[in-house]
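Okay, run.cif is below, mmCIF, C-alpha atoms:
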data_start
loop_
_atom_site.label_atom_id
_atom_site.label_comp_id
_atom_site.auth_asym_id
_atom_site.auth_seq_id
_atom_site.Cartn_x
_atom_site.Cartn_y
_atom_site.Cartn_z
CA MET A 291 0.00 0.00 0.00
CA ARG A 292 1.34 3.43 -0.93
CA ARG A 293 1.44 5.94 1.89
CA THR A 294 2.50 9.47 1.02
CA ARG A 295 1.95 12.95 2.40
CA THR A 296 1.38 14.80 -0.91
CA ARG A 297 -2.09 16.34 -0.85
CA LEU A 298 -2.77 15.27 2.72
CA GLY A 299 -0.27 17.68 4.20
CA ARG A 300 -2.49 20.72 4.31
CA VAL A 301 -5.56 18.87 5.57
CA LEU A 302 -3.86 16.71 8.17
CA GLY A 303 -1.62 19.53 9.32
CA SER A 304 -4.51 20.95 11.27
CA ILE A 305 -5.22 17.53 12.82
CA VAL A 306 -1.62 17.18 13.96
CA ALA A 307 -1.77 20.68 15.45
CA THR A 308 -4.91 19.90 17.39
CA THR A 309 -3.62 16.57 18.70
CA THR A 310 -0.21 17.75 19.90
CA ALA A 311 -1.51 18.93 23.24
CA ALA A 312 -3.49 15.75 23.76
CA VAL A 313 -0.55 13.49 22.90
CA ALA A 314 1.51 15.26 25.51
CA MET A 315 -1.02 14.63 28.25
CA ALA A 316 1.49 12.44 30.10
CA ALA A 317 4.05 15.25 30.27
CA PRO A 318 4.02 18.03 32.92
CA GLN A 319 3.54 20.78 30.35
CA ALA A 320 0.29 19.14 29.21
CA ALA A 321 -1.50 21.52 31.54
CA ALA A 322 -1.03 24.24 28.93
CA VAL A 323 -4.43 23.84 27.29
CA PRO A 324 -6.79 26.53 26.00
CA ALA A 325 -8.07 28.85 28.70
CA GLU A 326 -11.64 27.62 28.37
CA SER A 327 -11.80 23.98 29.47
CA ASP A 328 -13.91 21.22 27.93
CA ALA A 329 -16.12 21.28 31.02
CA GLY A 330 -16.57 25.04 30.78
CA ARG A 331 -17.43 24.94 27.08
CA GLN A 332 -19.79 21.99 27.67
CA ALA A 333 -21.65 23.87 30.40
CA ALA A 334 -21.88 27.02 28.29
CA GLY A 335 -23.14 25.11 25.26
CA ALA A 336 -25.67 23.19 27.31
CA GLU A 337 -26.98 26.39 28.86
CA ALA A 338 -27.31 28.02 25.43
CA GLY A 339 -29.20 25.11 23.90
CA ALA A 340 -31.07 23.41 26.73
CA GLU A 341 -34.45 24.86 25.85
CA ALA A 342 -34.46 25.13 22.06
CA GLY A 343 -32.89 21.81 21.05
CA ALA A 344 -30.44 21.40 18.19
CA GLU A 345 -30.62 24.13 15.56
CA ALA A 346 -28.13 25.10 12.89
CA GLY A 347 -25.71 27.70 14.23
CA GLN A 348 -26.52 26.96 17.86
CA ALA A 349 -23.74 26.12 20.33
CA CYS A 350 -22.98 22.45 21.01
CA THR A 351 -20.54 20.72 23.34
CA VAL A 352 -17.66 18.25 23.14
CA ALA A 353 -20.08 15.53 24.24
CA ASP A 354 -22.13 16.27 21.10
CA LEU A 355 -19.30 15.50 18.65
CA GLY A 356 -20.52 11.91 18.38
CA LYS A 357 -24.22 12.79 18.02
CA ARG A 358 -26.57 13.94 15.28
CA HIS A 359 -30.12 15.26 14.99
CA PRO A 360 -32.45 15.17 11.97
CA LEU A 361 -32.88 18.09 9.61
CA VAL A 362 -35.96 17.96 7.36
CA ARG A 363 -35.06 19.27 3.91
CA THR A 364 -38.17 18.65 1.76
CA THR A 365 -41.67 17.29 2.31
CA GLU A 366 -44.52 16.35 -0.01
CA VAL A 367 -48.05 15.47 1.09
CA SER A 368 -50.34 13.62 -1.31
CA PRO A 369 -53.84 12.20 -0.67
CA THR A 370 -53.67 8.47 -1.39
CA ILE A 371 -56.38 5.79 -1.60
CA THR A 372 -55.22 2.57 0.03
CA HIS A 373 -58.46 0.52 -0.26
CA PHE A 374 -61.37 0.88 -2.69
CA LYS A 375 -64.55 -0.84 -3.90
CA GLY A 376 -67.26 0.34 -6.29
CA TRP A 377 -70.74 -0.37 -4.85
CA TYR A 378 -74.23 0.04 -6.32
CA VAL A 379 -77.17 0.73 -4.01
CA THR A 380 -80.78 0.24 -5.19
CA GLU A 381 -84.02 1.38 -3.57
CA GLY A 382 -84.33 -1.77 -1.52
CA THR A 383 -80.71 -1.96 -0.35
CA THR A 384 -80.21 1.35 1.46
CA GLY A 385 -79.19 1.38 5.11
CA SER A 386 -76.09 0.12 6.92
CA GLN A 387 -73.83 -2.31 5.11
CA THR A 388 -70.28 -3.60 5.59
CA VAL A 389 -68.29 -3.75 2.36
CA THR A 390 -65.00 -5.57 1.83
CA THR A 391 -62.67 -3.39 -0.24
CA SER A 392 -59.63 -4.29 -2.36
CA THR A 393 -56.10 -3.01 -1.73
CA GLN A 394 -55.35 -0.12 -4.03
CA THR A 395 -51.98 1.13 -2.74
CA THR A 396 -49.70 0.00 0.09
CA ILE A 397 -47.77 2.61 2.07
CA SER A 398 -44.98 1.45 4.37
CA VAL A 399 -43.19 3.69 6.84
CA SER A 400 -39.47 3.85 6.13
CA VAL A 401 -36.47 6.04 6.85
CA GLY A 402 -33.17 5.80 5.02
CA LEU A 403 -31.68 2.54 3.89
CA ASN A 404 -34.45 -0.02 4.21
CA GLY A 405 -38.17 -0.51 4.64
CA THR A 406 -38.20 -0.27 8.42
CA VAL A 407 -37.80 2.35 11.10
CA GLN A 408 -34.87 1.73 13.44
CA GLY A 409 -33.28 3.83 16.13
CA SER A 410 -33.93 7.14 17.81
CA PHE A 411 -32.90 9.21 14.78
CA ALA A 412 -35.75 7.86 12.63
CA VAL A 413 -38.33 8.40 15.37
CA GLU A 414 -37.09 11.95 15.99
CA LEU A 415 -37.12 12.67 12.25
CA LEU A 416 -40.70 11.51 11.71
CA GLY A 417 -41.84 13.36 14.81
CA THR A 418 -40.24 16.53 13.43
CA VAL A 419 -41.95 15.99 10.06
CA GLY A 420 -45.35 15.58 11.70
CA ALA A 421 -44.91 18.67 13.84
CA SER A 422 -43.78 20.80 10.91
CA LEU A 423 -46.80 19.78 8.83
CA GLY A 424 -49.34 19.77 11.65
CA LEU A 425 -50.15 16.11 10.96
CA ASN A 426 -50.33 13.09 13.23
CA VAL A 427 -47.99 10.84 11.23
CA GLN A 428 -46.74 7.33 11.95
CA VAL A 429 -43.37 7.39 13.71
CA THR A 430 -42.77 3.63 14.05
CA TYR A 431 -42.66 0.95 11.40
CA THR A 432 -46.09 -0.01 10.07
CA SER A 433 -47.87 -0.44 6.74
CA THR A 434 -51.36 0.24 5.43
CA SER A 435 -51.51 -3.45 4.49
CA SER A 436 -52.15 -4.13 8.19
CA VAL A 437 -55.31 -2.00 8.12
CA SER A 438 -58.67 -3.80 7.99
CA ASN A 439 -60.13 -3.71 4.48
CA SER A 440 -63.80 -3.56 5.52
CA VAL A 441 -65.80 -0.32 5.45
CA SER A 442 -69.14 0.02 7.27
CA TRP A 443 -71.43 2.71 5.85
CA ASN A 444 -75.04 3.85 6.20
CA PHE A 445 -76.32 4.37 2.64
CA MET A 446 -79.11 6.93 2.81
CA GLN A 447 -80.10 6.90 -0.87
CA PRO A 448 -79.61 4.80 -4.01
CA GLY A 449 -76.68 5.42 -6.32
CA TYR A 450 -73.22 4.39 -7.42
CA TYR A 451 -70.71 4.72 -4.57
CA GLY A 452 -67.02 4.35 -4.08
CA LEU A 453 -66.20 2.88 -0.67
CA TYR A 454 -62.67 3.84 0.32
CA LYS A 455 -59.96 4.02 2.91
CA GLY A 456 -57.20 6.54 2.42
CA THR A 457 -54.63 8.73 4.07
CA LYS A 458 -52.15 11.51 3.41
CA LYS A 459 -48.91 9.99 2.21
CA VAL A 460 -45.92 12.02 3.38
CA THR A 461 -42.56 11.72 1.63
CA GLY A 462 -39.44 13.82 1.64
CA THR A 463 -35.71 14.08 2.17
CA TYR A 464 -33.63 14.74 5.26
CA GLY A 465 -30.13 15.57 6.37
CA SER A 466 -28.58 15.85 9.80
CA LEU A 467 -27.27 18.42 12.22
CA ASN A 468 -23.83 17.52 13.54
CA CYS A 469 -21.58 19.19 16.05
CA ASN A 470 -18.36 20.54 14.53
CA ARG A 471 -15.90 23.39 14.95
CA VAL A 472 -16.73 26.61 13.11
CA GLN A 473 -14.36 29.51 12.54
CA GLN A 474 -15.88 32.80 13.66
CA GLY A 475 -15.42 36.30 12.35
CA ASP A 476 -12.55 37.10 14.73
CA GLY A 477 -10.64 33.99 13.66
CA SER A 478 -11.41 32.00 16.79
CA TYR A 479 -13.27 28.67 16.76
CA ALA A 480 -16.41 27.50 18.51
CA LEU A 481 -18.43 24.29 18.50
CA LYS A 482 -21.77 24.68 16.73
CA TRP A 483 -24.47 22.53 15.18
CA VAL A 484 -23.90 22.51 11.41
CA GLU A 485 -25.65 20.81 8.52
CA GLY A 486 -23.84 17.51 8.02
CA PRO A 487 -23.06 15.97 4.63
CA ASP A 488 -25.27 12.88 4.96
CA SER A 489 -28.82 12.65 3.56
CA GLY A 490 -31.66 10.23 2.89
CA SER A 491 -35.38 9.93 2.18
CA PHE A 492 -38.42 8.98 4.24
CA THR A 493 -42.02 7.82 3.78
CA THR A 494 -44.81 7.86 6.32
CA TYR A 495 -48.53 8.52 6.42
CA ALA A 496 -51.12 10.34 8.51
CA THR A 497 -54.36 9.18 10.13
CA MET A 498 -56.43 6.75 8.07
CA GLU A 499 -59.79 8.00 6.78
CA GLU A 500 -62.68 5.95 5.43
CA GLY A 501 -65.94 6.87 3.75
CA ALA A 502 -68.13 6.70 0.68
CA VAL A 503 -68.44 9.08 -2.26
CA ARG A 504 -70.96 9.21 -5.15
CA CYS A 505 -70.52 10.50 -8.64
CA GLU A 506 -72.99 13.31 -7.84
CA ASP A 507 -71.12 14.52 -4.74
CA THR A 508 -69.23 17.80 -4.67
CA VAL A 509 -65.99 17.21 -2.77
CA PRO A 510 -63.09 19.42 -1.58
CA ALA A 511 -60.26 19.69 -4.07
CA ASN A 512 -57.07 17.75 -3.30
CA SER A 513 -58.84 15.79 -0.56
CA ILE A 514 -58.81 12.05 0.09
CA MET A 515 -62.47 11.95 -0.91
CA ALA A 516 -61.68 13.71 -4.19
CA LYS A 517 -58.96 11.15 -4.87
CA ALA A 518 -61.49 8.37 -4.29
CA LYS A 519 -63.99 9.98 -6.66
CA THR A 520 -61.43 9.86 -9.51
CA LEU A 521 -61.50 6.06 -9.25
CA LEU A 522 -65.23 5.85 -9.98
CA ASP A 523 -66.45 5.03 -13.49
CA CYS A 524 -69.22 7.58 -13.51
CA GLY A 525 -70.49 6.97 -17.08
CA ALA A 526 -74.06 5.75 -17.53
CA ALA A 527 -72.84 2.35 -18.72
CA ALA A 528 -71.23 1.66 -15.36
CA THR A 529 -74.47 1.91 -13.38
CA ALA A 530 -77.41 1.52 -15.74
CA GLY A 531 -79.57 -1.37 -14.62
CA HIS A 532 -76.84 -2.68 -12.34
CA ALA A 533 -77.81 -5.04 -9.56
CA ALA A 534 -77.16 -4.02 -5.96
CA GLY A 535 -73.65 -4.78 -4.75
CA PRO A 536 -70.10 -4.58 -6.12
CA VAL A 537 -69.32 -2.73 -9.33
CA SER A 538 -66.08 -3.29 -11.17
CA SER A 539 -64.23 0.00 -11.69
CA ALA A 540 -61.85 -0.02 -14.65
CA LYS A 541 -60.20 3.17 -13.38
CA ALA A 542 -59.49 1.66 -9.97
CA GLU A 543 -58.17 -1.58 -11.45
CA LYS A 544 -55.89 0.29 -13.85
CA ALA A 545 -54.52 2.48 -11.04
CA ALA A 546 -53.90 -0.56 -8.81
CA LYS A 547 -52.04 -2.40 -11.59
CA ALA A 548 -49.90 0.65 -12.28
CA GLU A 549 -49.02 0.91 -8.59
CA LYS A 550 -48.02 -2.76 -8.40
CA ALA A 551 -45.96 -2.51 -11.59
CA ALA A 552 -44.09 0.53 -10.25
CA ALA A 553 -43.35 -1.27 -6.98
CA ALA A 554 -42.10 -4.34 -8.86
CA ARG A 555 -39.83 -2.21 -11.07
CA ASP A 556 -38.37 -0.49 -8.02
CA ALA A 557 -37.69 -3.78 -6.26
CA SER A 558 -36.14 -5.26 -9.40
CA GLY A 559 -33.94 -2.21 -9.89
CA ASN A 560 -32.66 -2.38 -6.34
CA ASP A 561 -31.89 -6.10 -6.67
CA THR A 562 -30.07 -5.55 -9.95
CA GLU A 563 -28.00 -2.74 -8.47
CA ALA A 564 -27.07 -4.85 -5.44
CA THR A 565 -26.08 -7.80 -7.64
CA ALA A 566 -23.97 -5.64 -9.92
CA SER A 567 -22.26 -4.07 -6.92
CA ALA A 568 -21.45 -7.49 -5.45
CA LYS A 569 -20.04 -8.78 -8.76
CA SER A 570 -17.82 -5.75 -9.21
CA ALA A 571 -16.50 -5.73 -5.64
CA PRO A 572 -13.42 -7.99 -6.14
CA ALA A 573 -12.08 -5.93 -9.02
CA ALA A 574 -12.75 -2.70 -7.18
CA ALA A 575 -10.92 -3.98 -4.09
CA SER A 576 -7.74 -4.69 -6.00
CA ALA A 577 -7.68 -1.41 -7.92
CA THR A 578 -8.74 0.90 -5.10
CA ARG A 579 -6.55 -0.59 -2.42
CA ALA A 580 -3.41 0.02 -4.44
CA ALA A 581 -4.46 3.64 -4.93
CA LEU A 582 -5.08 4.50 -1.26
CA ASN A 583 -3.18 7.64 -0.32
CA CYS A 584 -2.58 7.33 3.43
CA SER A 585 -0.92 9.67 5.89
CA ALA A 586 2.53 8.76 7.15
CA ASP A 587 1.32 9.53 10.67
CA ALA A 588 -0.56 6.89 12.63
CA TYR A 589 -3.21 7.64 15.26
CA LYS A 590 -4.90 6.04 18.20
CA ILE A 591 -8.64 6.64 18.48
CA ALA A 592 -8.94 6.64 22.25
CA VAL A 593 -11.56 7.10 24.94
CA PRO A 594 -10.73 10.59 26.33
CA GLY A 595 -8.63 10.44 29.49
CA LYS A 596 -8.63 6.63 29.61
CA PRO A 597 -6.23 3.93 28.32
CA LEU A 598 -8.60 1.98 26.05
CA SER A 599 -8.72 2.78 22.33
CA TRP A 600 -10.02 1.30 19.07
CA GLY A 601 -8.34 -2.06 18.42
CA ALA A 602 -8.79 -3.88 15.12
CA PRO A 603 -9.40 -7.66 15.14
CA LEU A 604 -7.09 -10.43 13.98
CA LEU A 605 -10.00 -12.69 12.99
CA ALA A 606 -12.22 -11.83 10.02
CA ASP A 607 -15.45 -12.59 11.88
CA ASP A 608 -14.55 -10.36 14.85
CA GLY A 609 -15.10 -6.62 15.18
CA VAL A 610 -13.29 -3.48 16.31
CA ARG A 611 -13.16 -3.39 20.13
CA LEU A 612 -11.93 -1.16 22.91
CA ARG A 613 -8.48 -2.50 23.82
CA PRO A 614 -5.52 -1.35 25.95
CA SER A 615 -2.34 -0.38 24.13
CA THR A 616 0.55 -2.66 25.07
CA ILE A 617 3.74 -4.02 23.52
CA PHE A 618 1.59 -6.92 22.31
CA SER A 619 -0.89 -4.73 20.41
CA ALA A 620 1.01 -5.37 17.15
CA HIS A 621 -0.15 -2.03 15.74
CA LEU A 622 -3.80 -3.17 15.84
CA ASP A 623 -4.46 0.04 17.80
CA HIS A 624 -2.85 2.24 15.13
CA TRP A 625 -4.90 3.80 12.34
CA ARG A 626 -3.97 5.85 9.31
CA LEU A 627 -6.27 8.32 7.58
CA CYS A 628 -6.41 7.70 3.83
CA ASP A 629 -7.68 9.74 0.88
CA VAL A 630 -8.65 12.58 3.20
CA SER A 631 -10.81 15.42 1.94
CA GLU A 632 -12.41 18.36 3.72
CA ASN A 633 -15.73 20.05 3.00
CA ASN A 634 -17.05 22.94 5.10
CA GLY A 635 -14.75 21.99 7.94
CA VAL A 636 -15.79 18.32 8.01
CA LEU A 637 -13.12 15.72 7.22
CA GLU A 638 -13.87 12.60 5.19
CA ALA A 639 -11.43 9.69 5.29
CA THR A 640 -10.89 5.95 5.03
CA LEU A 641 -9.57 4.43 8.28
CA TRP A 642 -6.78 1.94 7.47
CA ASN A 643 -5.46 -0.27 10.26
CA TRP A 644 -1.69 -0.69 10.46
CA GLY A 645 -1.91 -4.03 12.27
CA ASN A 646 -4.20 -6.08 10.01
CA GLY A 647 -4.09 -4.03 6.79
CA GLY A 648 -7.88 -3.74 6.64
CA CYS A 649 -10.20 -0.77 6.49
CA ALA A 650 -12.91 0.03 9.03
CA THR A 651 -16.42 -0.64 7.72
CA ILE A 652 -20.00 -1.48 8.54
CA ALA A 653 -20.87 -4.80 6.87
CA GLN A 654 -23.42 -4.46 4.05
CA PRO A 655 -25.93 -7.01 5.47
CA ASN A 656 -26.07 -4.99 8.70
CA ALA A 657 -25.82 -1.52 7.21
CA ALA A 658 -29.26 -0.37 8.37
CA ASP A 659 -29.07 -1.99 11.82
CA GLU A 660 -28.94 0.00 15.01
CA ARG A 661 -25.87 -1.13 17.02
CA ALA A 662 -24.22 -2.92 14.06
CA VAL A 663 -20.59 -3.74 14.90
CA LEU A 664 -17.71 -1.84 13.32
CA ARG A 665 -15.43 -4.28 11.46
CA THR A 666 -12.35 -4.28 9.24
CA VAL A 667 -12.25 -5.82 5.75
CA ALA A 668 -10.15 -5.64 2.61
CA CYS A 669 -10.05 -2.04 1.48
CA THR A 670 -12.43 -1.19 -1.37
CA GLU A 671 -13.11 2.38 -0.22
CA ASP A 672 -16.82 2.28 -0.96
CA ASP A 673 -19.06 4.52 1.16
CA LEU A 674 -19.37 1.89 3.89
CA GLN A 675 -15.61 2.35 4.37
CA ARG A 676 -15.71 6.13 4.35
CA PHE A 677 -16.20 8.17 7.53
CA TYR A 678 -16.92 11.78 8.37
CA ILE A 679 -14.81 13.18 11.21
CA TYR A 680 -16.16 16.06 13.31
CA ARG A 681 -13.51 17.97 15.27
CA ASP A 682 -13.32 20.00 18.44
CA VAL A 683 -11.71 23.46 18.40
CA PRO A 684 -7.93 23.69 17.73
CA GLY A 685 -5.93 22.63 20.77
CA SER A 686 -8.21 19.67 21.47
CA ALA A 687 -7.96 16.18 19.96
CA LYS A 688 -11.63 15.29 20.47
CA ILE A 689 -13.60 13.99 17.50
CA GLY A 690 -16.88 12.33 16.52
CA VAL A 691 -17.02 9.69 13.77
CA GLN A 692 -19.89 9.03 11.34
CA ASN A 693 -20.25 6.37 8.65
CA LYS A 694 -20.82 7.99 5.26
CA HIS A 695 -23.19 5.34 3.86
CA THR A 696 -25.43 4.75 6.87
CA GLY A 697 -25.20 8.20 8.48
CA TYR A 698 -24.93 6.49 11.88
CA MET A 699 -22.45 7.68 14.48
CA ILE A 700 -19.79 5.40 16.00
CA GLY A 701 -19.78 4.78 19.76
CA HIS A 702 -19.77 2.10 22.44
CA ASP A 703 -22.28 0.84 25.00
CA ARG A 704 -19.96 0.84 28.00
CA TYR A 705 -16.34 1.45 28.84
CA ALA A 706 -14.76 -2.01 29.16
CA ASP A 707 -11.89 -4.01 27.71
CA GLY A 708 -13.25 -5.96 24.72
CA GLU A 709 -16.36 -3.82 24.24
CA PHE A 710 -17.41 -3.56 20.57
CA LEU A 711 -17.45 -0.28 18.66
CA ARG A 712 -20.93 0.04 17.13
CA GLN A 713 -23.04 2.40 15.05
CA TYR A 714 -25.94 4.33 16.57
CA SER A 715 -28.44 6.26 14.49
CA SER A 716 -28.33 9.36 16.73
CA GLY A 717 -25.08 8.63 18.52
CA ARG A 718 -24.75 7.83 22.20
CA PRO A 719 -26.80 10.10 24.50
CA ASP A 720 -24.15 9.98 27.26
CA GLY A 721 -21.37 11.38 25.08
CA THR A 722 -19.50 8.07 24.72
CA GLY A 723 -19.28 8.67 20.98
CA THR A 724 -16.61 11.35 21.52
CA TYR A 725 -13.03 10.13 21.09
CA ASP A 726 -9.46 11.49 21.06
CA LEU A 727 -7.51 11.31 17.80
CA LEU A 728 -3.94 10.96 19.11
CA LYS A 729 -0.85 10.89 16.93
CA VAL A 730 1.55 8.07 17.85
#
Encoding of this model in structure tokens:
Amino acid sequence: MRRTRTRLGRVLGSIVATTTAAVAMAAPQAAAVPAESDAGRQAAGAEAGAEAGAEAGQACTVADLGKRHPLVRTTEVSPTITHFKGWYVTEGTTGSQTVTTSTQTTISVSVGLNGTVQGSFAVELLGTVGASLGLNVQVTYTSTSSVSNSVSWNFMQPGYYGLYKGTKKVTGTYGSLNCNRVQQGDGSYALKWVEGPDSGSFTTYATMEEGAVRCEDTVPANSIMAKAKTLLDCGAAATAGHAAGPVSSAKAEKAAKAEKAAAARDASGNDTEATASAKSAPAAASATRAALNCSADAYKIAVPGKPLSWGAPLLADDGVRLRPSTIFSAHLDHWRLCDVSENNGVLEATLWNWGNGGCATIAQPNAADERAVLRTVACTEDDLQRFYIYRDVPGSAKIGVQNKHTGYMIGHDRYADGEFLRQYSSGRPDGTGTYDLLKV
């Protein structure tokens, strides 16, 4: 593997500068730290943001470096019919009836990578979406396919009806707010919530509504009822002389088929993309690994003020764990930053381990899982092997680490020898996702 300093010099120079004081913590002069301590800045940031919550430009603390909060970027609300049945009522069949409808459209709640809702970040995101729109939306995984398909209705007069269930489908895109250092007008730095580089999409839906609509009814525009009315075949041929009971609606059947075809195409496209990615992985691994441009400096990623740090595994089926650094560590606790770039003050890098020659990653089968274990594999430098690094102000070595593909933050459940490093959708609430990046 080629390791040079060429274009990394300018970017990593600032990292080296910020870690020098931390590396020297064992020496007497290590007391010469910035005048405002971590504890002081943490208290000030907490006081500034305790009431309002995370907002762009608001102060954050060193404990927030390993956390993120959702940022809603776009939303779209569309009335959607989930169940429908055409029904003809004659003079002798008015009154209360229960009608079994057919599934028209299925809406499943999802956030990000897969068709489920996992972790606190997704729940917070959907709650924010609902509040911003003034809608009571679903914030946990569910689907309209679990809704009963029967509709009970009191038909007061004869006519051709559409019995329906529907809801407001809510879709959109999101980003995240992350804590990072920001240079201020006087040249000094402060920790603030900034818009992070990760993004994704979401789908949810509001309260279910059911009812009946006739061709003669005047309905509010862009309403669920209006959407149901468009599925009725209101021509004379559809109702003339029809017996009481179900009426086949060509419009509804056509819309349902189109919906199913679109869902099938999407699923097929995703499968094809995944298969192509898997087939191309071996070639990519060989070519990309040889091209990695890594820093000459090696770093420990340590728990602040404590001896345990990230230790890569020797066995392929093991994960990255908190380990003590000893003469027997065999460089498994040493990491190099490769192909580093910087955008708006946020570093992006591949983490290459000196001891086993692998790159840190979240395994593809577990990519969407809360608490998935951080591992090392052969370096292919895809987005699962790329990480965003959020830094404290100059003079401090503290960082937060985020996987580029999943958007999840890296942290650990408890401080203990052998504890796994894992990903958490919002980071760890107790600040255990903040680490020291120490040059060795």
So what do you get for atom CA of Val460 of chain A versus atom CA of Phe374 of chain A, distance-wise? 20.0 Å
Within 8 Å of Leu627 of chain A, counting only C-alpha atoms, which residues qualify if same-chain residues fewer than 5 places away don't, as JSON, numbers by chain? {"A": [584, 585, 588, 639, 640, 641, 642]}
Shell around Val407 of chain A at 12 Å using only C-alpha atoms, local window under 6 positions removed, as a ChimeraX atom specification: /A:398-401,413-416,428-433,491-494,658-660,715
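Take the candidates A:Thr418, A:Gln348, A:Ser410, A:Ser368 and check each one against Arg471 of chain A using all atoms listed in the file; the shortest distance goes to A:Gln348.
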Two-atom distance - atom CA of Thr666 of chain A, atom CA of Gly601 of chain A (Å):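 Between these atoms lies a distance of 10.3 Å.
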Contact residues around Val636 of chain A with all atoms listed in the file at 10 Å, ignoring same-chain residues under 6 positions, as a list in words: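 So the residues in contact are Asn468, Cys469, Asn470, Arg471, Val472, Val484, Gly486, Pro487, Tyr678, Ile679, Tyr680 and Arg681 of chain A.
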Using only C-alpha atoms, determine which residues lie at most 7 Å from Leu598 of chain A, disregarding the query and same-chain residues fewer than 5 positions distant; provide the list as JSON, numbers by chain. {"A": [592, 593, 612, 613, 614, 615]}
Which of these, A:Ser489, A:Asn444, A:Thr497, A:Thr651, has the shortest distance to Ser466 of chain A once you count all atoms listed in the file?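 Result for the nearest residue to Ser466 of chain A: A:Ser489.
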Do a neighbour search on Arg611 of chain A at 8 Å with all atoms listed in the file, toss out local chain neighbours closer than 4 positions, and write the hits as a PyMOL selection string. chain A and resi 599-603+707-711
Please enumerate the residues selected by the PyMOL selection byres ((chain A and resi 543) around 12) when evaluated against the supplied file, formatted as number ranges by chain. A: 373-376, 392-395, 521-523, 537-542, 544-550
Just say which residues the PyMOL selection byres ((chain A and resi 505) around 12) picks in this file, as a PyMOL selection string. chain A and resi 376-378+448-453+502-504+506-509+515-516+518-526+528-529
Give me, please, the distance in Å between atom CA of Lys517 of chain A and atom CA of Thr370 of chain A, quoted to one decimal.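 Straight-line distance from atom CA of Lys517 of chain A to atom CA of Thr370 of chain A works out to 6.9 Å.
Compared by their closest atoms to Lys688 of chain A, and using all atoms listed in the file, the residues A:Pro655, A:Gly721, A:Gly462, A:Gly531 rank with A:Gly721 nearest.
Minimum distance to Met498 of chain A across A:Ala687, A:Ala606, A:Ala554, A:Val437 (counting all atoms listed in the file) occurs at A:Val437.
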Mind telling me what the PyMOL selection byres ((chain A and resi 369) around 8) catches here, as a PyMOL selection string? chain A and resi 367-368+370-371+456-459+512-514+517
Build an axis-aligned box that encloses every atom of segment 612-629 of chain A listed in the file, pad it by 8 Å on each side, and report its centre and edge lengths in Å to one decimal, as AutoDock Vina command-line options.
--center_x -4.1 --center_y 1.4 --center_z 13.4 --size_x 31.7 --size_y 32.7 --size_z 41.1
For Val362 of chain A, which residue among A:Thr724, A:Ser716, A:Ser422, A:Asn583 is the nearest when counting all atoms listed in the file?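 Comparing A:Thr724, A:Ser716, A:Ser422, A:Asn583 against Val362 of chain A, the winner is A:Ser422.
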